[in-house]
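Text of the file final.pdb, holding PDB, C-alpha atoms:
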```pdb
ATOM      1  CA  MET A   1      -4.034 -22.162  -0.525
ATOM      2  CA  SER A   2      -1.258 -20.550  -2.561
ATOM      3  CA  GLU A   3       0.436 -17.251  -1.925
ATOM      4  CA  PRO A   4      -1.008 -14.316  -3.880
ATOM      5  CA  ASP A   5       1.063 -12.748  -6.653
ATOM      6  CA  THR A   6       3.456 -10.055  -5.382
ATOM      7  CA  HIS A   7       2.082  -7.447  -7.788
ATOM      8  CA  LEU A   8      -1.469  -8.093  -6.615
ATOM      9  CA  VAL A   9      -0.406  -7.797  -2.981
ATOM     10  CA  LEU A  10       1.313  -4.457  -3.617
ATOM     11  CA  ALA A  11      -1.647  -3.116  -5.593
ATOM     12  CA  ARG A  12      -4.112  -4.159  -2.856
ATOM     13  CA  ALA A  13      -1.904  -2.697  -0.113
ATOM     14  CA  LYS A  14      -1.654   0.655  -1.910
ATOM     15  CA  LEU A  15      -5.412   0.657  -2.540
ATOM     16  CA  ASN A  16      -6.106  -0.038   1.135
ATOM     17  CA  PHE A  17      -3.723   2.773   2.099
ATOM     18  CA  ALA A  18      -5.403   5.210  -0.308
ATOM     19  CA  ARG A  19      -8.861   4.307   1.014
ATOM     20  CA  LYS A  20      -7.859   5.247   4.559
ATOM     21  CA  ASP A  21      -7.152   8.925   3.634
ATOM     22  CA  HIS A  22      -3.905   9.544   5.479
ATOM     23  CA  GLY A  23      -3.744  13.241   4.722
ATOM     24  CA  GLU A  24      -0.095  14.226   4.572
ATOM     25  CA  ARG A  25       1.248  10.673   4.396
ATOM     26  CA  CYS A  26       2.304   8.818   1.280
ATOM     27  CA  TRP A  27       3.305   5.279   0.427
ATOM     28  CA  ASP A  28       7.060   5.751  -0.168
ATOM     29  CA  ASP A  29       9.965   8.163  -0.596
ATOM     30  CA  GLU A  30       9.399   8.510  -4.343
ATOM     31  CA  SER A  31       5.841   9.699  -3.759
ATOM     32  CA  ALA A  32       7.046  12.145  -1.097
ATOM     33  CA  ILE A  33       9.554  13.657  -3.511
ATOM     34  CA  ALA A  34       6.940  13.994  -6.262
ATOM     35  CA  ASP A  35       4.490  15.695  -3.901
ATOM     36  CA  ALA A  36       7.194  18.003  -2.515
ATOM     37  CA  ILE A  37       7.961  19.184  -6.049
ATOM     38  CA  HIS A  38       4.313  20.266  -6.285
ATOM     39  CA  GLY A  39       4.527  22.107  -2.966
ATOM     40  CA  ARG A  40       2.796  19.489  -0.851
ATOM     41  CA  PRO A  41       5.138  18.297   1.897
ATOM     42  CA  VAL A  42       4.300  14.750   2.910
ATOM     43  CA  LEU A  43       5.845  12.042   5.036
ATOM     44  CA  PRO A  44       6.329   8.540   3.659
ATOM     45  CA  LEU A  45       5.144   5.513   5.594
ATOM     46  CA  THR A  46       7.800   3.718   7.581
ATOM     47  CA  THR A  47       8.944   0.282   6.472
ATOM     48  CA  THR A  48       6.976  -1.224   9.356
ATOM     49  CA  GLU A  49       3.797   0.615   8.350
ATOM     50  CA  ARG A  50       4.148  -0.533   4.722
ATOM     51  CA  GLU A  51       4.724  -4.117   5.893
ATOM     52  CA  GLU A  52       1.495  -3.961   7.900
ATOM     53  CA  PHE A  53      -0.449  -2.893   4.798
ATOM     54  CA  LEU A  54       1.240  -5.646   2.761
ATOM     55  CA  ALA A  55       0.417  -8.284   5.390
ATOM     56  CA  GLN A  56      -3.223  -7.169   5.462
ATOM     57  CA  ALA A  57      -3.386  -7.282   1.650
ATOM     58  CA  ARG A  58      -1.918 -10.823   1.599
ATOM     59  CA  HIS A  59      -4.498 -11.898   4.145
ATOM     60  CA  GLU A  60      -7.377 -10.377   2.159
ATOM     61  CA  LEU A  61      -6.213 -11.944  -1.110
ATOM     62  CA  ARG A  62      -5.806 -15.391   0.482
ATOM     63  CA  ARG A  63      -9.393 -15.242   1.724
ATOM     64  CA  GLU A  64     -10.900 -14.272  -1.636
ATOM     65  CA  PRO A  65     -12.428 -17.079  -3.680
ATOM     66  CA  GLN A  66     -10.111 -18.311  -6.422
ATOM     67  CA  SER A  67     -11.428 -17.910  -9.961
ATOM     68  CA  ALA A  68     -11.295 -20.975 -12.172
TER      69      ALA A  68
END
```

Mind turning this structure into structure tokens?
Amino acid sequence: MSEPDTHLVLARAKLNFARKDHGERCWDDESAIADAIHGRPVLPLTTTEREEFLAQARHELRREPQSA
């Protein structure tokens, strides 16, 4: 079982985060700044919270059947 590609892990983690509807939370500082410019104050996830989403995404991708 090989490690999933980093880009796939990040994409899956962000998708999982978006699916959970965190209201006034966002993935990172860049997203918080962009939303603040549009008048929507938000708080970015902490490093620990992002790592939890990344770990879950890695786990999910490892369990998926590999395409040939």

Problem - Matched chain/residue IDs from the PyMOL selection byres ((chain A and resi 17-33) around 12), as a PyMOL selection string - result: chain A and resi 10-16+34-54+56-57

Which polymer residues have any atom within 8 Å of an atom of A:Arg58, counting only C-alpha atoms, with same-chain residues fewer than 5 positions away left out, as a compact mmCIF listing (two decimals) with C-alpha atoms, keeping the file's coordinate frame?
```
# COMPACT_ATOMS: atom_id res chain seq x y z
CA GLU A 3 0.44 -17.25 -1.92
CA PRO A 4 -1.01 -14.32 -3.88
CA VAL A 9 -0.41 -7.80 -2.98
```

With 3 Å of padding per side, what axis-aligned box (centre and edge lengths, Å, one decimal) covers all the listed atoms of stretch 18-24 of chain A? Give it as JSON.
```
{"center_x": -4.5, "center_y": 9.3, "center_z": 2.6, "size_x": 14.8, "size_y": 15.9, "size_z": 11.8}
```
